[in-house]
>>> print(open('target.cif').read())   # mmCIF, C-alpha atoms and all ligand atoms
data_input
#
loop_
_atom_site.label_atom_id
_atom_site.label_comp_id
_atom_site.auth_asym_id
_atom_site.auth_seq_id
_atom_site.Cartn_x
_atom_site.Cartn_y
_atom_site.Cartn_z
CA MET R 111 0.00 0.00 0.00
CA ALA R 112 1.27 3.45 -0.95
CA ILE R 113 2.28 5.73 1.92
CA LEU R 114 1.61 9.42 1.45
CA GLN R 115 4.03 11.96 2.96
CA ARG R 116 3.15 15.49 3.90
CA SER R 117 3.10 17.87 0.89
CA SER R 118 3.28 15.04 -1.60
CA THR R 119 0.97 15.15 -4.60
CA TYR R 120 -1.07 12.09 -5.42
CA LYS R 121 -3.49 10.94 -8.11
CA ALA R 122 -6.44 8.77 -7.23
CA GLU R 123 -9.89 7.70 -8.30
CA GLY R 124 -12.64 8.14 -5.72
CA VAL R 125 -16.34 8.36 -4.96
CA VAL R 126 -17.69 11.45 -3.17
CA LEU R 127 -19.03 10.15 0.16
CA SER R 128 -19.99 13.48 1.68
CA ARG R 129 -19.46 17.25 1.43
CA ARG R 130 -19.52 19.93 4.05
CA ASP R 131 -19.23 23.71 3.71
CA LEU R 132 -16.10 25.40 4.99
CA GLY R 133 -15.82 29.19 5.32
CA ASP R 134 -17.47 31.31 2.65
CA ALA R 135 -16.62 29.48 -0.53
CA ASP R 136 -14.84 26.22 0.25
CA ARG R 137 -15.98 22.69 0.91
CA ILE R 138 -14.52 19.69 2.66
CA VAL R 139 -15.13 16.73 0.40
CA THR R 140 -14.76 13.20 1.75
CA PHE R 141 -13.74 10.75 -0.96
CA PHE R 142 -13.51 7.01 -0.74
CA THR R 143 -10.54 6.43 -3.04
CA ARG R 144 -9.49 3.19 -4.67
CA GLU R 145 -5.81 3.80 -3.90
CA PHE R 146 -5.82 5.33 -0.42
CA GLY R 147 -9.20 4.61 1.11
CA ARG R 148 -11.10 7.44 2.75
CA ARG R 149 -9.53 10.91 2.45
CA ARG R 150 -10.84 14.38 3.25
CA LEU R 151 -9.85 17.15 0.87
CA VAL R 152 -10.54 20.87 0.84
CA ALA R 153 -11.97 22.06 -2.47
CA ARG R 154 -11.13 25.75 -2.40
CA GLY R 155 -13.62 28.14 -3.97
CA CYS R 156 -15.90 25.33 -5.09
CA ARG R 157 -19.06 27.14 -3.96
CA ARG R 158 -18.35 30.08 -6.27
CA PRO R 159 -20.37 30.03 -9.50
CA THR R 160 -17.16 30.17 -11.51
CA SER R 161 -15.61 27.16 -9.79
CA GLN R 162 -14.16 24.57 -12.12
CA PHE R 163 -14.46 21.90 -9.42
CA ALA R 164 -18.14 22.21 -8.63
CA PRO R 165 -19.61 20.17 -11.52
CA HIS R 166 -17.08 17.38 -10.89
CA ILE R 167 -17.61 16.75 -7.19
CA GLU R 168 -21.31 16.06 -6.89
CA LEU R 169 -22.37 13.67 -4.15
CA PHE R 170 -21.71 10.00 -5.12
CA SER R 171 -19.87 10.93 -8.36
CA ARG R 172 -16.90 8.82 -9.36
CA VAL R 173 -14.01 11.21 -9.85
CA ARG R 174 -10.39 11.23 -11.01
CA LEU R 175 -8.61 13.59 -8.64
CA VAL R 176 -5.26 15.09 -7.76
CA GLY R 177 -4.62 16.01 -4.12
CA VAL R 178 -1.81 17.40 -2.01
CA VAL R 179 -1.32 15.95 1.46
CA GLY R 180 -1.81 18.55 4.18
CA ALA R 181 -1.28 18.54 7.96
CA ASN R 182 -4.95 17.86 8.72
CA LEU R 183 -6.80 17.93 5.44
CA ASP R 184 -5.54 17.42 1.91
CA VAL R 185 -6.04 20.03 -0.77
CA LEU R 186 -7.87 19.14 -3.97
CA THR R 187 -6.01 20.55 -6.96
CA GLN R 188 -7.78 18.76 -9.85
CA ALA R 189 -11.05 16.89 -10.24
CA GLN R 190 -12.56 15.27 -13.31
CA SER R 191 -15.81 13.39 -12.99
CA LEU R 192 -15.73 9.92 -14.56
CA GLU R 193 -19.27 8.77 -13.83
CA THR R 194 -22.38 10.54 -12.56
CA TYR R 195 -25.69 8.98 -11.63
CA PRO R 196 -28.64 10.95 -13.04
CA ARG R 197 -31.25 8.70 -11.40
CA PHE R 198 -30.22 9.87 -7.92
CA ARG R 199 -31.25 13.46 -8.74
CA ASP R 200 -34.95 12.72 -9.20
CA ASP R 201 -35.56 9.35 -7.54
CA LEU R 202 -35.56 9.76 -3.77
CA THR R 203 -35.52 6.00 -3.09
CA ALA R 204 -32.38 5.53 -5.19
CA PHE R 205 -30.79 8.65 -3.67
CA ALA R 206 -31.51 7.41 -0.14
CA ALA R 207 -30.16 3.94 -0.97
CA ALA R 208 -26.91 5.50 -2.24
CA GLY R 209 -26.74 7.62 0.92
CA TRP R 210 -27.30 4.59 3.13
CA ALA R 211 -24.49 2.74 1.34
CA VAL R 212 -21.93 5.51 1.71
CA GLU R 213 -22.87 6.10 5.37
CA LEU R 214 -22.28 2.42 6.07
CA LEU R 215 -18.96 2.47 4.23
CA ASP R 216 -17.96 5.66 6.04
CA GLY R 217 -18.75 3.98 9.37
CA LEU R 218 -16.79 0.82 8.53
CA SER R 219 -13.67 2.36 6.99
CA GLU R 220 -10.64 4.12 8.47
CA ASP R 221 -9.00 7.24 7.06
CA GLY R 222 -6.21 6.46 4.62
CA GLU R 223 -6.69 2.68 4.57
CA ALA R 224 -6.95 1.30 1.03
CA GLU R 225 -9.80 -1.16 0.50
CA PRO R 226 -9.87 -1.92 -3.22
CA ASP R 227 -12.51 -4.65 -2.89
CA ALA R 228 -14.86 -2.32 -1.01
CA TYR R 229 -14.21 0.34 -3.66
CA SER R 230 -15.11 -2.07 -6.48
CA ALA R 231 -18.24 -3.16 -4.62
CA LEU R 232 -19.32 0.45 -4.11
CA THR R 233 -18.84 1.51 -7.73
CA ALA R 234 -20.60 -1.62 -9.06
CA PHE R 235 -23.50 -0.91 -6.69
CA LEU R 236 -23.80 2.74 -7.77
CA SER R 237 -23.82 1.77 -11.47
CA ALA R 238 -26.47 -0.91 -10.89
CA LEU R 239 -28.58 1.45 -8.76
CA ASN R 240 -28.47 4.08 -11.49
CA GLN R 241 -30.47 1.76 -13.79
CA ARG R 242 -34.00 3.14 -13.54
CA THR R 243 -35.69 -0.24 -13.61
CA ALA R 244 -33.54 -1.63 -10.78
CA ASP R 245 -35.17 -2.18 -7.38
CA PRO R 246 -32.92 -0.22 -4.98
CA GLU R 247 -33.47 -2.29 -1.87
CA PRO R 248 -32.21 -5.73 -2.92
CA LEU R 249 -29.15 -3.96 -4.42
CA LEU R 250 -28.57 -2.07 -1.18
CA SER R 251 -28.93 -5.30 0.80
CA ALA R 252 -26.31 -6.93 -1.44
CA LEU R 253 -23.86 -4.08 -0.98
CA ALA R 254 -24.46 -3.94 2.79
CA LEU R 255 -23.91 -7.69 3.18
CA ASN R 256 -20.77 -7.50 1.04
CA LEU R 257 -19.27 -4.55 2.97
CA LEU R 258 -20.17 -6.08 6.33
CA ASP R 259 -18.60 -9.37 5.25
CA GLN R 260 -15.40 -7.64 4.08
CA HIS R 261 -15.09 -6.05 7.52
CA GLY R 262 -15.71 -9.28 9.39
CA TYR R 263 -19.38 -8.67 10.25
CA ALA R 264 -21.26 -11.00 7.91
CA PRO R 265 -24.55 -11.74 9.70
CA GLU R 266 -25.20 -15.38 10.58
CA LEU R 267 -28.17 -16.62 8.56
CA TRP R 268 -28.21 -20.38 9.22
CA ARG R 269 -27.65 -21.08 12.94
CA CYS R 270 -29.05 -19.44 16.03
CA THR R 271 -26.54 -16.81 17.16
CA VAL R 272 -27.35 -17.53 20.81
CA CYS R 273 -27.67 -21.32 21.22
CA GLY R 274 -26.13 -22.50 17.93
CA ALA R 275 -29.10 -24.63 16.90
CA ALA R 276 -29.85 -24.94 13.18
CA ILE R 277 -32.62 -22.50 12.30
CA GLN R 278 -35.99 -24.13 11.64
CA PRO R 279 -37.64 -22.05 8.92
CA GLY R 280 -40.61 -20.21 10.35
CA ALA R 281 -39.39 -20.49 13.97
CA HIS R 282 -36.80 -17.75 13.79
CA ALA R 283 -36.21 -14.01 14.16
CA PHE R 284 -33.34 -11.57 13.54
CA ALA R 285 -31.37 -10.14 16.46
CA PRO R 286 -29.01 -7.31 15.43
CA ARG R 287 -27.00 -7.33 18.64
CA THR R 288 -26.18 -11.03 18.53
CA GLY R 289 -25.15 -10.77 14.86
CA GLY R 290 -27.83 -12.62 12.95
CA VAL R 291 -30.74 -15.03 13.20
CA VAL R 292 -32.04 -16.49 16.45
CA CYS R 293 -34.32 -19.47 17.04
CA SER R 294 -37.75 -18.85 18.51
CA ASP R 295 -36.58 -20.06 21.97
CA CYS R 296 -33.82 -17.43 22.04
CA SER R 297 -35.77 -14.65 20.34
CA HIS R 298 -37.51 -13.35 23.48
CA ASP R 299 -34.53 -11.98 25.38
CA ASN R 300 -32.55 -10.56 22.48
CA ALA R 301 -34.45 -7.56 21.11
CA SER R 302 -35.18 -9.43 17.92
CA HIS R 303 -37.08 -8.37 14.82
CA SER R 304 -39.52 -10.61 13.07
CA LEU R 305 -38.23 -11.86 9.76
CA GLY R 306 -40.56 -13.79 7.46
CA ILE R 307 -39.35 -16.96 5.80
CA ASP R 308 -39.32 -15.20 2.40
CA THR R 309 -37.10 -12.46 3.81
CA LEU R 310 -34.68 -14.99 5.32
CA LYS R 311 -34.52 -16.81 1.98
CA THR R 312 -33.96 -13.50 0.21
CA LEU R 313 -31.11 -12.60 2.58
CA ARG R 314 -29.49 -16.01 2.09
CA PHE R 315 -29.85 -15.72 -1.68
CA ILE R 316 -28.33 -12.22 -1.72
CA ALA R 317 -25.52 -13.23 0.64
CA HIS R 318 -24.65 -16.02 -1.80
CA ASP R 319 -25.32 -14.43 -5.19
CA GLY R 320 -24.31 -10.85 -4.43
CA LEU R 321 -25.16 -7.84 -6.55
CA ALA R 322 -25.82 -9.82 -9.75
CA GLY R 323 -28.40 -11.96 -7.97
CA ALA R 324 -29.96 -8.96 -6.25
CA ALA R 325 -30.33 -7.15 -9.58
CA ARG R 326 -32.75 -9.88 -10.71
CA LEU R 327 -34.92 -9.68 -7.59
CA ARG R 328 -38.27 -8.00 -7.21
CA ALA R 329 -39.02 -8.04 -3.50
CA ASP R 330 -42.64 -7.79 -2.30
CA PRO R 331 -43.49 -4.92 0.07
CA ARG R 332 -43.31 -7.04 3.22
CA THR R 333 -39.92 -8.53 2.33
CA ARG R 334 -38.65 -5.10 1.38
CA ALA R 335 -39.79 -3.62 4.70
CA GLU R 336 -38.24 -6.47 6.70
CA LEU R 337 -34.94 -6.25 4.81
CA ARG R 338 -34.87 -2.53 5.52
CA THR R 339 -35.56 -2.91 9.21
CA ALA R 340 -33.24 -5.84 9.84
CA LEU R 341 -30.26 -4.49 7.92
CA ARG R 342 -30.61 -0.98 9.28
CA ALA R 343 -30.73 -2.28 12.86
CA TYR R 344 -27.79 -4.58 12.26
CA ALA R 345 -25.65 -1.96 10.47
CA THR R 346 -26.44 0.58 13.20
CA SER R 347 -25.28 -1.86 15.88
CA VAL R 348 -22.07 -2.59 13.93
CA VAL R 349 -21.02 1.00 13.21
CA GLU R 350 -22.46 2.24 16.52
CA ARG R 351 -24.24 5.19 15.00
CA ASP R 352 -27.53 5.75 13.30
CA ILE R 353 -27.69 5.67 9.50
CA SER R 354 -29.74 8.78 8.76
CA SER R 355 -30.38 7.92 5.09
CA ALA R 356 -32.14 4.78 6.31
CA HIS R 357 -34.97 6.94 7.63
CA ILE R 358 -35.27 8.73 4.28
CA LEU R 359 -35.33 5.36 2.53
CA GLU R 360 -38.03 4.16 4.89
CA ARG R 361 -40.25 7.13 4.08
CA ALA R 362 -39.48 7.11 0.35
CA GLY R 363 -39.60 3.39 -0.17
CA ALA R 364 -42.34 2.20 2.17
CA GLY R 365 -44.67 0.07 0.12
CA SER R 366 -43.66 1.56 -3.20
CA ALA R 367 -42.39 -0.49 -6.09
CA PRO R 368 -39.81 1.01 -8.44
CA ARG R 369 -41.44 2.83 -11.32
CA PRO R 370 -40.64 1.64 -14.80
CA ALA R 371 -38.36 3.96 -16.73
CA PRO R 372 -40.15 6.46 -18.97
CA GLY R 373 -40.78 4.81 -22.31
CA ALA R 374 -39.87 1.35 -20.99
ZN ZN B 1 -31.39 -20.41 19.95
#
>>> encode(input="target.cif", output="structure tokens", more="lines below")
Ligand SMILES: [Zn+2]
Amino acid sequence: MAILQRSSTYKAEGVVLSRRDLGDADRIVTFFTREFGRRRLVARGCRRPTSQFAPHIELFSRVRLVGVVGANLDVLTQAQSLETYPRFRDDLTAFAAAGWAVELLDGLSEDGEAEPDAYSALTAFLSALNQRTADPEPLLSALALNLLDQHGYAPELWRCTVCGAAIQPGAHAFAPRTGGVVCSDCSHDNASHSLGIDTLKTLRFIAHDGLAGAARLRADPRTRAELRTALRAYATSVVERDISSAHILERAGAGSAPRPAPGA
């Protein structure tokens, strides 16, 4: 892994995880880069109408960038957007799913630690989510399971996480704090969520088949709601902070099926 020294200039490719205003005209942009993991860079003047950066550092864009290592924050000196995701601008469910994904990744990753597999998973997810006919929630579940697995937090989906018994379908629940499914005997004391048999099967399928499998799924409203609740609760317990985009997704996505693309 490359080590960056103070004042050295580096090139990287990254996804914009978040942006925050600084002073009158600047922004701190947090990128998840392929080469160096998460890095925070100051984009000077990027809130001025004449800024050359502004169109290239939209939230979730994939960007080729040049930065200079600073004492606390790096300085962005060049940015060229490589991929933008038009669906996220007008589809709140897709936007919230992208937000949920980057919040989870932000919570799991450390500054400056390269995670090329997580980077590939994130960019594949964003591209798939940008397809207007794609159902955001199975895709988000696939990305969440992948990222959790890469960080050593894959939820247990086959054996009770308390007593170890094999799960009998239908006599089970999901307990975020114990790290996965629980049998009905153990479900009472462990703040568990109900999880229908279809949702458990969907989770197992997605855990096995990943993003490609999830892209073929059309979850029914109940499965979608249970996936949302279980994964949000589990991710929140892993990263030890609330995922605010999950609430937006809940409001935007509750009961609604993805709309077909215009003209499709
Ligand atoms: Zn048990």
>>> residues_near_ligand(input="target.cif", ligand="ligand ZN 1 (chain B)", cutoff="9 Å", atoms="all atoms listed in the file", output="list in words")
Arg269, Cys270, Thr271, Val272, Cys273, Gly274, Ala275, Ala276, Ile277, His282, Val291, Val292, Cys293, Ser294, Asp295, Cys296 and Ser297 of chain R
>>> atom_distance(input="target.cif", atom1="CA of Tyr263 in chain R", atom2="CA of Ala343 in chain R")
13.3 Å
>>> residues_around(input="target.cif", residues="range 227-238 of chain R", least_positions_apart="6", cutoff="7 Å", atoms="all atoms listed in the file", output="number ranges by chain")
R: 144, 208, 249, 253, 257
>>> write_last_selection(input="target.cif", atoms="C-alpha atoms", output="compact mmCIF listing (two decimals), in the coordinates of the input")
# COMPACT_ATOMS: atom_id res chain seq x y z
CA ARG R 144 -9.49 3.19 -4.67
CA ALA R 208 -26.91 5.50 -2.24
CA LEU R 249 -29.15 -3.96 -4.42
CA LEU R 253 -23.86 -4.08 -0.98
CA LEU R 257 -19.27 -4.55 2.97
>>> atom_distance(input="target.cif", atom1="CA of Arg154 in chain R", atom2="CA of Leu175 in chain R")
13.9 Å
>>> closest_residue(input="target.cif", among="R:Arg137, R:His261, R:Arg116, R:Arg199", to="Leu214 in chain R", atoms="all atoms listed in the file")
R:His261
>>> build_atoms(input="target.cif", residues="range 177-213 of chain R", atoms="N, CA and C atoms", output="tab-separated table (two decimals), keeping the file's coordinate frame")
chain	number	residue	atom	x	y	z
R	177	GLY	N	-4.61	15.37	-5.44
R	177	GLY	CA	-4.62	16.01	-4.12
R	177	GLY	C	-3.21	16.23	-3.63
R	178	VAL	N	-3.09	17.16	-2.68
R	178	VAL	CA	-1.81	17.40	-2.01
R	178	VAL	C	-2.03	17.14	-0.53
R	179	VAL	N	-1.16	16.34	0.06
R	179	VAL	CA	-1.32	15.95	1.46
R	179	VAL	C	-1.04	17.15	2.36
R	180	GLY	N	-1.99	17.46	3.24
R	180	GLY	CA	-1.81	18.55	4.18
R	180	GLY	C	-1.65	18.02	5.60
R	181	ALA	N	-1.48	18.95	6.57
R	181	ALA	CA	-1.28	18.54	7.96
R	181	ALA	C	-2.54	17.86	8.50
R	182	ASN	N	-3.70	18.47	8.26
R	182	ASN	CA	-4.95	17.86	8.72
R	182	ASN	C	-5.77	17.36	7.54
R	183	LEU	N	-6.01	18.27	6.62
R	183	LEU	CA	-6.80	17.93	5.44
R	183	LEU	C	-5.91	18.06	4.21
R	184	ASP	N	-6.24	17.27	3.19
R	184	ASP	CA	-5.54	17.42	1.91
R	184	ASP	C	-6.19	18.55	1.13
R	185	VAL	N	-5.49	18.99	0.09
R	185	VAL	CA	-6.04	20.03	-0.77
R	185	VAL	C	-6.30	19.42	-2.15
R	186	LEU	N	-7.52	19.64	-2.64
R	186	LEU	CA	-7.87	19.14	-3.97
R	186	LEU	C	-7.34	20.11	-5.00
R	187	THR	N	-6.53	19.64	-5.94
R	187	THR	CA	-6.01	20.55	-6.96
R	187	THR	C	-6.61	20.28	-8.34
R	188	GLN	N	-7.10	19.05	-8.58
R	188	GLN	CA	-7.78	18.76	-9.85
R	188	GLN	C	-8.89	17.75	-9.59
R	189	ALA	N	-9.97	17.87	-10.34
R	189	ALA	CA	-11.05	16.89	-10.24
R	189	ALA	C	-11.72	16.76	-11.60
R	190	GLN	N	-11.93	15.54	-12.01
R	190	GLN	CA	-12.56	15.27	-13.31
R	190	GLN	C	-13.57	14.15	-13.09
R	191	SER	N	-14.84	14.45	-13.29
R	191	SER	CA	-15.81	13.39	-12.99
R	191	SER	C	-15.77	12.32	-14.08
R	192	LEU	N	-15.80	11.06	-13.65
R	192	LEU	CA	-15.73	9.92	-14.56
R	192	LEU	C	-17.11	9.30	-14.76
R	193	GLU	N	-17.94	9.37	-13.74
R	193	GLU	CA	-19.27	8.77	-13.83
R	193	GLU	C	-20.20	9.52	-12.89
R	194	THR	N	-21.36	9.92	-13.41
R	194	THR	CA	-22.38	10.54	-12.56
R	194	THR	C	-23.63	9.67	-12.67
R	195	TYR	N	-24.55	9.88	-11.75
R	195	TYR	CA	-25.69	8.98	-11.63
R	195	TYR	C	-26.98	9.79	-11.68
R	196	PRO	N	-27.49	10.05	-12.89
R	196	PRO	CA	-28.64	10.95	-13.04
R	196	PRO	C	-29.87	10.49	-12.26
R	197	ARG	N	-30.05	9.17	-12.11
R	197	ARG	CA	-31.25	8.70	-11.40
R	197	ARG	C	-31.35	9.27	-9.99
R	198	PHE	N	-30.19	9.47	-9.33
R	198	PHE	CA	-30.22	9.87	-7.92
R	198	PHE	C	-30.77	11.29	-7.75
R	199	ARG	N	-30.78	12.07	-8.86
R	199	ARG	CA	-31.25	13.46	-8.74
R	199	ARG	C	-32.77	13.54	-8.62
R	200	ASP	N	-33.49	12.59	-9.22
R	200	ASP	CA	-34.95	12.72	-9.20
R	200	ASP	C	-35.67	11.51	-8.62
R	201	ASP	N	-34.92	10.54	-8.12
R	201	ASP	CA	-35.56	9.35	-7.54
R	201	ASP	C	-35.09	9.26	-6.09
R	202	LEU	N	-35.97	9.65	-5.17
R	202	LEU	CA	-35.56	9.76	-3.77
R	202	LEU	C	-35.18	8.39	-3.18
R	203	THR	N	-35.85	7.33	-3.61
R	203	THR	CA	-35.52	6.00	-3.09
R	203	THR	C	-34.09	5.61	-3.48
R	204	ALA	N	-33.74	5.85	-4.74
R	204	ALA	CA	-32.38	5.53	-5.19
R	204	ALA	C	-31.36	6.43	-4.49
R	205	PHE	N	-31.69	7.70	-4.35
R	205	PHE	CA	-30.79	8.65	-3.67
R	205	PHE	C	-30.55	8.21	-2.22
R	206	ALA	N	-31.64	7.82	-1.54
R	206	ALA	CA	-31.51	7.41	-0.14
R	206	ALA	C	-30.72	6.11	-0.03
R	207	ALA	N	-30.91	5.20	-0.99
R	207	ALA	CA	-30.16	3.94	-0.97
R	207	ALA	C	-28.66	4.21	-1.15
R	208	ALA	N	-28.32	5.14	-2.06
R	208	ALA	CA	-26.91	5.50	-2.24
R	208	ALA	C	-26.36	6.13	-0.96
R	209	GLY	N	-27.17	6.99	-0.32
R	209	GLY	CA	-26.74	7.62	0.92
R	209	GLY	C	-26.51	6.62	2.03
R	210	TRP	N	-27.40	5.66	2.13
R	210	TRP	CA	-27.30	4.59	3.13
R	210	TRP	C	-25.98	3.83	2.92
R	211	ALA	N	-25.70	3.51	1.65
R	211	ALA	CA	-24.49	2.74	1.34
R	211	ALA	C	-23.23	3.50	1.74
R	212	VAL	N	-23.17	4.78	1.40
R	212	VAL	CA	-21.93	5.51	1.71
R	212	VAL	C	-21.82	5.79	3.22
R	213	GLU	N	-22.95	5.94	3.90
R	213	GLU	CA	-22.87	6.10	5.37
R	213	GLU	C	-22.34	4.83	6.02
